[in-house]
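Engineer: Sharing a structure with you now.
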Protein chains: 2
Amino acid sequence: MLRPIDTVLTSHLVEAVSAAMPSARALFDDLAANTRGSHGISRDPYGRGEQYAYRLVHECATRLELQCTWDAAGNLYITRPGTAANTRAIVIGSHLDSVPNGGNYDGAAGVIAGLALLEAFARVGLRHRCDVSVMAIRCEESSSWFTGEHGGHLGSRMALGLIDPAELDQAVRPDTRRTLGQHIADCGFDPERVRRGPAHLTPARVGKYFELHIEQGPVLEMKALAVGIVDSIRGNSRLRDSRCIGAYNHGGATPQEIRQDAVVATSDLVMRVQRKWEELHAQGKDLVFAFGRLGTDPAVHSLSKVPGETRFSLDIRSGSPEVLTVMRAFVTEHARLIEDERKVRFELDAFTLSEPTVLDTSMVATLRAGCKALGLPVHPMASGGGHDAQEFTRAGIPSAMVFVRNANGSHVPEEAMTMDDFELGTQLLAWAVAAESDA
Amino acid sequence: MLRPIDTVLTSHLVEAVSAAMPSARALFDDLAANTRGSHGISRDPYGRGEQYAYRLVHECATRLELQCTWDAAGNLYITRPGTAANTRAIVIGSHLDSVPNGGNYDGAAGVIAGLALLEAFARVGLRHRCDVSVMAIRCEESSSWFTGEHGGHLGSRMALGLIDPAELDQAVRPDTRRTLGQHIADCGFDPERVRRGPAHLTPARVGKYFELHIEQGPVLEMKALAVGIVDSIRGNSRLRDSRCIGAYNHGGATPQEIRQDAVVATSDLVMRVQRKWEELHAQGKDLVFAFGRLGTDPAVHSLSKVPGETRFSLDIRSGSPEVLTVMRAFVTEHARLIEDERKVRFELDAFTLSEPTVLDTSMVATLRAGCKALGLPVHPMASGGGHDAQEFTRAGIPSAMVFVRNANGSHVPEEAMTMDDFELGTQLLAWAVAAESDA
């Protein structure tokens with residue numbers, strides 16, 4: 001049940017969020033000053049950078065007289081208690097680590113928005129029935145730091161009990177040569193309790209999860225919008241390393257009509273996928289694709305030979321499970337058609353599948369209502385990158401996200417966010433949490 | 001003026017060529033036995049392999065009591081004298097070298113066909129007005145053996161005065177570390193006379209040039225024909241190393257419609273060229289093409305990134321200079337169209353141009369007449385590979401070629417020719433030379 005947010009409370013929340021912006025800016029500045037290397041921001045998980053961010057956030061929470069607790073994996077929860085017992089908490093989460101040589105906002109913005117929200121709630125004197133917790137999450141950028149077999153998003157997955165205990169030994173940071181488990185212990189937390197369980201966060205304890213994050217693509221920038229509402233997180237289906245086998249032949253003496261030209265056949269496949277994208281895009285379907293790696297074989301190819309082989313990857317992403325299914329079938333079918341037509345053979349490896357995450361419809365509706373109440377354009381969109389919200393959804397906790405405009409690309413030092421945009425995003429988050437926290 | 005070849009002379013020539021086949025076969029067998037390495041035939045120019053072939057051919061000519069002369073570059077001329085003074089010779093030429101690890105017929109077949117023809121002429125007692133010379137040519141496979149800056153087809157170009165003297169120093173065999181000039185001297189010939197000139201062969205001395213060669217493609221095999229008449233040698237126009245520049249971007253978060261995807265743009269170009277080929281091929285135009293090298297950049301590309309760059313080569317070949325011009329303009333125009341449409345930039349390097357060689361119409365007509373007289377199907381065709389006949393044409397000496405079927409590809413040990421096909425090719429050559437030698 002939504003708390004009715006009247007225009008008076010809305011304007012009080014807006015004012016209170018504005019009043020929290022100076023301390024938010026101070027946190028961003030402090031983080032940047034103390035976690036910047038020569039080529040950008042590096043907040044290594046369970047290392048110097050992430051630890052610095054945790055100390056800073058913890059100090060801020062203490063100053064605000066908020067409750068702080070840690071789970072066995074080292075995730076931090078900063079809580080403003082609710083008025084009613086036996087209610088399920090709302091968690092506002094994001095991660096404090098960054099990619100190596102990244103930007104200052106990817107991750108940290110969501111935690112600092114949460115702190116600003118709690119500061120604003122205190123200023124307004126908002127009484128919410130359930131607990132509202134800001135969760136500072138560990139090691140979301142797992143794939144940038146940890147090699148070895150692991151499922152990524154390690155911090156949230158440990159909190160949610162979604163991890164295989166073996167991942168604590170398999171995930172290794174090549175720069176420190178230490179496992180995830182060793183890193184957790186090094187920071188004073190308890191890898192054995194992570195292994196053993198039970199999960200710190202469960203649907204029985206957490207009713208809803210909100211996450212604010214900078215957008216990793218240019219969509220809001222292109223559309224001149226400060227904030228967007230994320231209604232799905234794209235999944236993907238991938239060919240990691242496929243081949244098209246034709247036949248090498250004399251490039252001058254072989255008639256074109258009998259060639260088994262792997263470059264022509266592969267280009268044909270690329271253009272068929274491109275035209276299929278045009279068709280689905282015109283129907284309003286969510287889809288992107290890339291043949292990110294593609295090439296003839298440098299050991300054999302030649303200017304003057306018919307190209308007899310290509311290798312390529314294909315990454316298909318969509319917020320819709322149905323679109324991924326359609327595209328997998330399309331690629332498989334058209335590879336067969338091209339084989340017949342162009343006398344080649346496609347060796348397609350098995351499509352990997354990471355299912356899209358469809359975020360909670362009701363929470364997305366709350367965010368839409370928030371945009372309207374705050375006079376912001378309503379812009380629902382798919383997230384191209386992965387986020388901890390996926391893991392909460394997977395664990396059965398309804399989730400939604402707010403995106404804030406980012407002018408300069410993702411996972412790069414040039415990543416950018418204005419404090420004006422951040423303030424609007426935080427207003428939206430505060431409005432939605434206030435509306436939902438009566439549940 | 002063509003000598004009228006009546007059916008009686010035709011049948012005598014056919015019989016006489018058949019009678020010369022056992023010695024032709026013996027020459028092929030001897031060559032194969034003595035120039036075969038562990039992975040195929042290697043007759044290195046001015047080296048052991050080619051020198052062996054010269055000794056063998058020279059012995060055979062001596063046995064047949066034919067005149068032998070050498071030019072300063074070491075090309076051998078085996079001559080059956082004509083009956084009239086002040087006539088221009090007919091030269092029947094081909095090369096005695098091979099590629100490394102190639103087959104037994106590429107080159108040598110044309111010389112052995114010439115010897116069989118002279119043996120047949122003697123048997124028939126043919127009285128031709130002009131001299132008929134078989135020319136055993138050096139170093140046609142120059143690009144397989146000599147690195148450094150040189151124009152290829154070195155043996156015939158030296159005989160025809162088409163060589164830049166600097167090539168004698170610039171062309172180097174990496175395996176021997178000796179220059180072309182040094183190799184010529186090593187074999188007892190005179191590189192200084194090659195430099196100084198004058199040319200050994202000129203249009204004033206040579207009226208016509210015929211060359212028999214195995215086909216390097218599968219056309220005759222596909223069409224179940226023993227011999228073909230070459231009416232042109234394909235030239236080429238090439239992009240040696242061009243680029244398509246797009247932009248690398250997050251493969252999940254970047255909307256497809258704003259991507260600058262170099263793989264899609266390059267595939268678009270490949271397919272436009274393919275469709276243009278279909279159009280010209282349907283009009284009966286001679287054209288083949290290959291994007292032999294094509295690929296994204298392994299140092300930067302990734303499964304999950306929009307591909308921001310490709311590099312590629314393009315080899316366009318045709319027997320028609322006009323078709324090459326049309327295709328160059330087509331590629332340039334469509335690269336510009338794709339740039340506008342797909343927001344990429346093509347960095348096309350300058351098209352190289354090696355002009356097609358249109359062989360002598362009148363000599364081609366003689367070969368057509370010969371096919372009819374011998375009951376062979378008439379099949380005019382373009383040669384995909386380069387041949388010494390190009391150089392004779394360039395020097396102003398009318399030229400034509402006969403192709404003999406080859407089942408198993410070119411420049412490989414599996415290269416194949418049957419003695420039956422060779423006999424038919426030699427009959428056609430003998431008929432045409434007999435017809436032309438009255439001129």
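In the structure tokens, chains take letters A, B, ... by order of appearance, with residues numbered from 1 within each chain and ligands from 1 in the order shown.
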Give me, as an MDAnalysis selection string, the residues of chain B touching chain A, with the criterion being at most 8 Å (counting only C-alpha atoms).
Structural biologist: chainID B and resid 215:219 234 240 249:256 261 263:264 266:268 270:271 274 287:298 301:307 313:315 317 383:385 409:410
Engineer: Give me, as a CSV table (one decimal) with N, CA and C atoms, in the first residue's frame, all polymer residues having an atom no more than 8 Å from Tyr46 in chain B, counting only C-alpha atoms and skipping those fewer than 6 positions away in the same chain.
Structural biologist:
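Wrote it out as selection_5.csv, contents follow:
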```
chain,number,residue,atom,x,y,z
B,138,ARG,N,63.0,-18.0,-67.6
B,138,ARG,CA,63.5,-18.1,-66.2
B,138,ARG,C,62.5,-17.4,-65.3
B,139,CYS,N,62.4,-17.9,-64.1
B,139,CYS,CA,62.0,-17.1,-62.9
B,139,CYS,C,60.6,-16.3,-63.1
B,183,HIS,N,72.7,-14.1,-58.9
B,183,HIS,CA,72.2,-15.4,-59.3
B,183,HIS,C,72.5,-15.6,-60.8
B,184,ILE,N,72.2,-14.6,-61.6
B,184,ILE,CA,72.4,-14.7,-63.1
B,184,ILE,C,73.9,-15.0,-63.4
B,187,CYS,N,75.1,-18.5,-62.6
B,187,CYS,CA,74.7,-19.5,-63.6
B,187,CYS,C,75.5,-19.3,-64.9
```
Engineer: Quick check for you: according to DSSP on this backbone, which residues of range 138-385 of chain B are classed as alpha helix (DSSP H)? Reply as a ChimeraX atom specification.
Structural biologist: /B:142-145,154-159,167-170,180-186,191-196,219-223,262-282,321-342,361-374
Engineer: Go ahead and write the selection's residues with C-alpha atoms as a short mmCIF file (atom, residue, chain, number, x, y, z; two decimals), in the first residue's frame.
Structural biologist:
```cif
data_model
loop_
_atom_site.label_atom_id
_atom_site.label_comp_id
_atom_site.auth_asym_id
_atom_site.auth_seq_id
_atom_site.Cartn_x
_atom_site.Cartn_y
_atom_site.Cartn_z
CA SER B 142 59.50 -14.28 -58.96
CA SER B 143 57.20 -13.19 -56.16
CA SER B 144 57.47 -16.61 -54.50
CA TRP B 145 61.25 -16.53 -54.43
CA LEU B 154 61.72 -11.35 -64.09
CA GLY B 155 62.91 -13.81 -66.77
CA SER B 156 60.62 -12.64 -69.57
CA ARG B 157 60.90 -8.98 -68.57
CA MET B 158 64.70 -9.17 -68.86
CA ALA B 159 64.41 -10.78 -72.31
CA GLU B 167 65.70 -4.67 -60.01
CA LEU B 168 68.80 -6.83 -60.53
CA ASP B 169 70.12 -5.49 -57.21
CA GLN B 170 66.83 -5.04 -55.37
CA LEU B 180 69.01 -11.52 -58.98
CA GLY B 181 72.13 -10.14 -60.66
CA GLN B 182 74.40 -12.37 -58.58
CA HIS B 183 72.24 -15.40 -59.34
CA ILE B 184 72.44 -14.71 -63.09
CA ALA B 185 76.23 -14.44 -62.87
CA ASP B 186 76.42 -17.61 -60.74
CA PRO B 191 73.82 -9.43 -65.69
CA GLU B 192 75.78 -6.44 -67.06
CA ARG B 193 74.48 -7.11 -70.56
CA VAL B 194 70.95 -7.42 -69.14
CA ARG B 195 71.38 -3.98 -67.56
CA ARG B 196 72.94 -2.45 -70.65
CA VAL B 219 36.80 -23.68 -64.60
CA LEU B 220 37.74 -26.29 -67.22
CA GLU B 221 37.36 -29.08 -64.66
CA MET B 222 33.89 -27.78 -63.75
CA LYS B 223 32.86 -27.51 -67.37
CA ALA B 262 32.63 -0.87 -37.76
CA VAL B 263 31.68 -4.54 -38.29
CA VAL B 264 28.17 -3.71 -39.48
CA ALA B 265 29.53 -0.95 -41.75
CA THR B 266 32.22 -3.20 -43.24
CA SER B 267 29.75 -6.06 -43.72
CA ASP B 268 27.47 -3.62 -45.49
CA LEU B 269 30.31 -2.77 -47.89
CA VAL B 270 31.09 -6.46 -48.48
CA MET B 271 27.46 -7.21 -49.32
CA ARG B 272 27.13 -4.19 -51.62
CA VAL B 273 30.19 -5.40 -53.56
CA GLN B 274 28.68 -8.90 -53.63
CA ARG B 275 25.42 -7.56 -55.08
CA LYS B 276 27.33 -5.48 -57.64
CA TRP B 277 29.18 -8.63 -58.67
CA GLU B 278 25.81 -10.39 -59.12
CA GLU B 279 24.65 -7.56 -61.38
CA LEU B 280 27.81 -7.47 -63.54
CA HIS B 281 28.08 -11.26 -63.67
CA ALA B 282 24.50 -11.45 -64.97
CA PRO B 321 39.87 -2.49 -67.75
CA GLU B 322 36.40 -0.90 -67.79
CA VAL B 323 35.08 -3.29 -65.14
CA LEU B 324 38.00 -2.44 -62.84
CA THR B 325 37.23 1.26 -63.30
CA VAL B 326 33.54 0.71 -62.57
CA MET B 327 34.34 -1.29 -59.43
CA ARG B 328 36.82 1.24 -58.06
CA ALA B 329 34.22 3.97 -58.43
CA PHE B 330 31.55 1.73 -56.91
CA VAL B 331 33.58 0.93 -53.80
CA THR B 332 34.56 4.56 -53.27
CA GLU B 333 31.00 5.80 -53.71
CA HIS B 334 29.42 3.18 -51.49
CA ALA B 335 32.00 3.65 -48.73
CA ARG B 336 30.87 7.31 -48.68
CA LEU B 337 27.19 6.32 -48.59
CA ILE B 338 27.81 3.91 -45.71
CA GLU B 339 29.80 6.60 -43.86
CA ASP B 340 26.75 8.86 -43.93
CA GLU B 341 24.32 6.12 -43.04
CA ARG B 342 26.30 4.37 -40.31
CA THR B 361 42.11 -10.95 -81.14
CA SER B 362 43.44 -12.41 -84.35
CA MET B 363 45.50 -15.10 -82.59
CA VAL B 364 42.51 -15.92 -80.38
CA ALA B 365 40.48 -16.34 -83.58
CA THR B 366 43.13 -18.74 -84.89
CA LEU B 367 42.84 -20.79 -81.69
CA ARG B 368 39.03 -20.82 -82.08
CA ALA B 369 39.47 -22.07 -85.66
CA GLY B 370 41.92 -24.68 -84.37
CA CYS B 371 39.39 -25.97 -81.83
CA LYS B 372 36.82 -26.34 -84.57
CA ALA B 373 39.27 -28.09 -86.92
CA LEU B 374 40.24 -30.50 -84.13
#
```
Engineer: Contacts of range 40-43 of chain A at 9 Å or less, counting only C-alpha atoms, minus same-chain residues fewer than 4 places along, as a PyMOL selection string?
Structural biologist: chain A and resi 31-32+34-36+47-53+96-104+412-414
Engineer: Kindly indicate which residue among B:His213, B:Arg178, B:Arg3, B:Arg129 lies nearest to Val402 in chain B, using only C-alpha atoms for the distances.
Structural biologist: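 Going through B:His213, B:Arg178, B:Arg3, B:Arg129 one by one, the smallest distance to Val402 in chain B is for B:His213.
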Engineer: Report the closest atom pair, with its distance in Å rounded to one decimal, for each residue of range 192-248 of chain A that has an atom no farther than 9 Å from range 108-123 of chain A; count only C-alpha atoms, sort by chain and then rising residue number, and write it as a tab-separated table.
Structural biologist:
```
residue	atom	partner	partner_atom	distance
A:Glu211	CA	A:Gly110	CA	6.2
A:Leu212	CA	A:Gly110	CA	4.5
A:His213	CA	A:Gly110	CA	5.4
A:Ile214	CA	A:Ala109	CA	7.2
```
Engineer: Go through A:Asp349, A:Ala416, A:Val230, A:Ala395 one by one, measure the shortest atom-to-atom distance of each to Pro380 in chain A using only C-alpha atoms, and give the residue with the smallest value.
Structural biologist: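 When distances to Pro380 in chain A are compared using only C-alpha atoms, the smallest one comes from A:Val230.
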Engineer: Please determine, counting only C-alpha atoms, which residue among B:Phe392, B:Phe422, B:Phe146, B:Phe351 has the shortest atom-to-atom distance to Val17 in chain B.
Structural biologist: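 Ranking B:Phe392, B:Phe422, B:Phe146, B:Phe351 by distance to Val17 in chain B, first place goes to B:Phe422.
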Engineer: Would you kindly return, as a ChimeraX atom specification, each protein, DNA or RNA residue with an atom no farther than 9 Å from any atom of Gly396 in chain B, considering only C-alpha atoms and excluding same-chain residues fewer than 4 positions away?
Structural biologist: /B:202-203,391-392
Engineer: Neighbours of Thr83 in chain A within 9 Å (only C-alpha atoms; same-chain residues fewer than 5 positions away dropped), as an MDAnalysis selection string?
Structural biologist: chainID A and resid 127:131
Engineer: Keeping only C-alpha atoms, write those residues as a JSON list (two decimals), in the first residue's frame.
Structural biologist:
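Contents of the output file part-v1.json:
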```json
[["chain", "number", "residue", "atom", "x", "y", "z"],
["A", 127, "ARG", "CA", 7.71, 8.61, 10.17],
["A", 128, "HIS", "CA", 7.88, 5.40, 8.15],
["A", 129, "ARG", "CA", 6.48, 2.18, 9.44],
["A", 130, "CYS", "CA", 9.23, -0.13, 8.15],
["A", 131, "ASP", "CA", 12.98, 0.19, 8.57]]
```
Engineer: If I take CA of Ala430 in chain A and CA of Asn86 in chain A, how far is one from the other in Å, to one decimal?
Structural biologist: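 Distance reported for this atom pair: 22.5 Å.
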